[in-house]
Amino acid sequence: MLVAVEVPDPGAGTVTTSSTAVTVGPTAPATVEDAEAAWLAAQTLPDPEQSLRALMHPDCVIVHAPVGHIHDADDWLRYAARLGRTSQVDTYDVTVQRFGPTAVVSCLQEMRVAFVPELTPFVIQAAVSRVWVTAASGGWQLAHQQMARRLPPG
């Protein structure tokens, strides 16, 4: 479930917060919005691999990290499992563009990741684009994700 909340800074737009209340079923989500909600929620599960994999197209590519990793689904899931638990994912300024059987979601994203379990989660901000395609079942699957870390201005 995505929850929209007005942010105090009027220039920041609307924030969407992840919630583990969303579950991923055996079929692909029916709408892009449902797919996005399921993707954000799956990242915060104690063991997210199965839920994330269910949302990913078999040929999915994830481009991320300051050094520009390019991972297929299996490599990215292994990489993500080594990072530590993600406790929250928020998205801001979300836009969705539909091109027939393809949709592109662009947003600013903030994740809280516990690289060291005993410490406060580390906040990672990124500009993110996700490309969703219609699955054989008629729902949506993630085909591509590009994440570029945001650094302080200056």
# chains A, B, ... in the order shown; residues from 1 in each chain; ligands from 1

$ closest_atom_pairs --of "range 115-148 of chain A" --to "range 39-47 of chain A" --cutoff "12 Å" --atoms "only C-alpha atoms" --output "Markdown table"
| residue | atom | partner | partner_atom | distance |
| --- | --- | --- | --- | --- |
| A:Arg130 | CA | A:Trp39 | CA | 10.3 |
| A:Trp132 | CA | A:Trp39 | CA | 11.1 |
| A:Trp140 | CA | A:Trp39 | CA | 11.0 |
| A:Gln141 | CA | A:Trp39 | CA | 9.8 |
| A:Leu142 | CA | A:Trp39 | CA | 8.8 |
| A:Gln145 | CA | A:Trp39 | CA | 11.3 |

$ select_by_dssp --residues "range 18-148 of chain A" --states "strand (DSSP E)" --output "PyMOL selection string"
chain A and resi 56-64+69-72+85-99+102-114+122-134+140-148

$ write_last_selection --atoms "C-alpha atoms" --output "CSV table (one decimal), in the first residue's frame"
chain,number,residue,atom,x,y,z
A,56,MET,CA,11.0,-8.7,-12.2
A,57,HIS,CA,10.9,-9.6,-15.9
A,58,PRO,CA,13.3,-12.5,-16.5
A,59,ASP,CA,15.5,-10.2,-18.7
A,60,CYS,CA,15.4,-7.3,-16.1
A,61,VAL,CA,18.5,-5.1,-15.9
A,62,ILE,CA,19.4,-2.9,-12.9
A,63,VAL,CA,21.9,-0.1,-13.3
A,64,HIS,CA,23.0,1.4,-10.0
A,69,HIS,CA,27.0,-1.6,-11.7
A,70,ILE,CA,25.0,-3.3,-14.5
A,71,HIS,CA,23.2,-6.4,-13.0
A,72,ASP,CA,20.8,-8.9,-14.3
A,85,ARG,CA,17.9,-4.7,5.6
A,86,THR,CA,16.0,-1.8,4.0
A,87,SER,CA,13.6,-0.5,6.6
A,88,GLN,CA,11.8,2.2,4.5
A,89,VAL,CA,11.6,3.5,1.0
A,90,ASP,CA,10.0,6.8,0.2
A,91,THR,CA,9.4,8.3,-3.3
A,92,TYR,CA,8.9,11.9,-4.2
A,93,ASP,CA,7.8,13.7,-7.4
A,94,VAL,CA,6.7,10.5,-9.1
A,95,THR,CA,5.8,10.7,-12.8
A,96,VAL,CA,4.4,7.9,-14.8
A,97,GLN,CA,4.5,7.9,-18.6
A,98,ARG,CA,2.7,5.1,-20.5
A,99,PHE,CA,3.7,4.0,-24.0
A,102,THR,CA,5.5,0.0,-21.5
A,103,ALA,CA,5.4,2.4,-18.7
A,104,VAL,CA,8.3,4.6,-17.4
A,105,VAL,CA,8.2,5.7,-13.7
A,106,SER,CA,10.6,8.5,-12.7
A,107,CYS,CA,11.0,9.7,-9.1
A,108,LEU,CA,13.3,10.7,-6.4
A,109,GLN,CA,13.8,7.9,-3.9
A,110,GLU,CA,15.0,7.8,-0.3
A,111,MET,CA,15.9,4.4,1.2
A,112,ARG,CA,17.0,3.6,4.8
A,113,VAL,CA,19.4,0.7,4.7
A,114,ALA,CA,20.9,-0.9,7.8
A,122,PHE,CA,21.9,4.9,6.4
A,123,VAL,CA,19.9,7.1,4.2
A,124,ILE,CA,20.5,6.8,0.4
A,125,GLN,CA,18.9,9.3,-1.9
A,126,ALA,CA,18.7,8.6,-5.7
A,127,ALA,CA,17.0,9.7,-8.8
A,128,VAL,CA,15.3,6.6,-10.1
A,129,SER,CA,13.7,5.4,-13.4
A,130,ARG,CA,11.9,2.2,-13.6
A,131,VAL,CA,10.6,0.7,-16.8
A,132,TRP,CA,7.6,-1.6,-16.5
A,133,VAL,CA,6.4,-3.9,-19.3
A,134,THR,CA,3.2,-5.9,-19.6
A,140,TRP,CA,3.2,-5.5,-15.1
A,141,GLN,CA,6.8,-6.6,-14.6
A,142,LEU,CA,10.0,-4.6,-14.0
A,143,ALA,CA,12.2,-4.6,-17.1
A,144,HIS,CA,14.8,-2.0,-16.2
A,145,GLN,CA,15.8,0.2,-13.3
A,146,GLN,CA,18.3,3.0,-13.3
A,147,MET,CA,19.4,4.5,-10.0
A,148,ALA,CA,21.7,7.5,-9.7

$ select_by_dssp --residues "chain A" --states "helix (DSSP H, G or I)" --output "MDAnalysis selection string"
chainID A and resid 10:12 32:43 49:55 73:83

$ closest_residue --among "A:Arg150, A:Leu55, A:Thr27, A:Val32" --to "Gly100 in chain A" --atoms "only C-alpha atoms"
A:Val32

$ closest_residue --among "A:Leu151, A:Ser137, A:Tyr79, A:Gly84" --to "Glu118 in chain A" --atoms "only C-alpha atoms"
A:Gly84

$ atom_distance --atom1 "CA of Asp75 in chain A" --atom2 "CA of Ala136 in chain A"
23.6 Å

$ closest_residue --among "A:Leu77, A:Gly139, A:Pro153, A:Ala65" --to "Ala35 in chain A" --atoms "only C-alpha atoms"
A:Gly139

$ decode --residues "range 71-90 of chain A" --atoms "N, CA and C atoms" --output "compact mmCIF listing (two decimals), in the first residue's frame"
# COMPACT_ATOMS: atom_id res chain seq x y z
N HIS A 71 23.56 -5.02 -13.50
CA HIS A 71 23.25 -6.37 -13.03
C HIS A 71 22.00 -6.92 -13.69
N ASP A 72 22.01 -8.24 -13.94
CA ASP A 72 20.76 -8.90 -14.31
C ASP A 72 20.01 -9.18 -13.01
N ALA A 73 18.85 -9.77 -13.10
CA ALA A 73 18.01 -9.98 -11.92
C ALA A 73 18.73 -10.79 -10.84
N ASP A 74 19.34 -11.90 -11.22
CA ASP A 74 20.01 -12.76 -10.23
C ASP A 74 21.16 -12.04 -9.53
N ASP A 75 22.00 -11.36 -10.32
CA ASP A 75 23.14 -10.64 -9.73
C ASP A 75 22.67 -9.53 -8.81
N TRP A 76 21.64 -8.79 -9.22
CA TRP A 76 21.16 -7.68 -8.39
C TRP A 76 20.55 -8.20 -7.09
N LEU A 77 19.79 -9.28 -7.15
CA LEU A 77 19.20 -9.84 -5.94
C LEU A 77 20.28 -10.30 -4.96
N ARG A 78 21.36 -10.90 -5.48
CA ARG A 78 22.49 -11.29 -4.61
C ARG A 78 23.15 -10.04 -4.01
N TYR A 79 23.35 -9.02 -4.83
CA TYR A 79 23.94 -7.76 -4.37
C TYR A 79 23.08 -7.13 -3.27
N ALA A 80 21.79 -7.02 -3.52
CA ALA A 80 20.87 -6.40 -2.57
C ALA A 80 20.84 -7.17 -1.24
N ALA A 81 20.93 -8.49 -1.30
CA ALA A 81 20.90 -9.31 -0.08
C ALA A 81 22.12 -9.05 0.80
N ARG A 82 23.24 -8.68 0.20
CA ARG A 82 24.47 -8.41 0.97
C ARG A 82 24.46 -7.03 1.63
N LEU A 83 23.63 -6.13 1.16
CA LEU A 83 23.66 -4.75 1.67
C LEU A 83 23.21 -4.61 3.11
N GLY A 84 22.22 -5.34 3.49
CA GLY A 84 21.60 -5.15 4.79
C GLY A 84 20.12 -4.85 4.58
N ARG A 85 19.39 -4.83 5.65
CA ARG A 85 17.94 -4.68 5.57
C ARG A 85 17.52 -3.24 5.25
N THR A 86 16.60 -3.11 4.30
CA THR A 86 16.00 -1.82 3.99
C THR A 86 14.75 -1.69 4.83
N SER A 87 14.70 -0.66 5.68
CA SER A 87 13.56 -0.51 6.58
C SER A 87 12.47 0.39 6.03
N GLN A 88 12.81 1.24 5.07
CA GLN A 88 11.82 2.17 4.54
C GLN A 88 12.28 2.68 3.17
N VAL A 89 11.33 2.86 2.27
CA VAL A 89 11.59 3.48 0.97
C VAL A 89 10.51 4.52 0.74
N ASP A 90 10.94 5.76 0.49
CA ASP A 90 10.01 6.84 0.19
C ASP A 90 10.29 7.33 -1.22
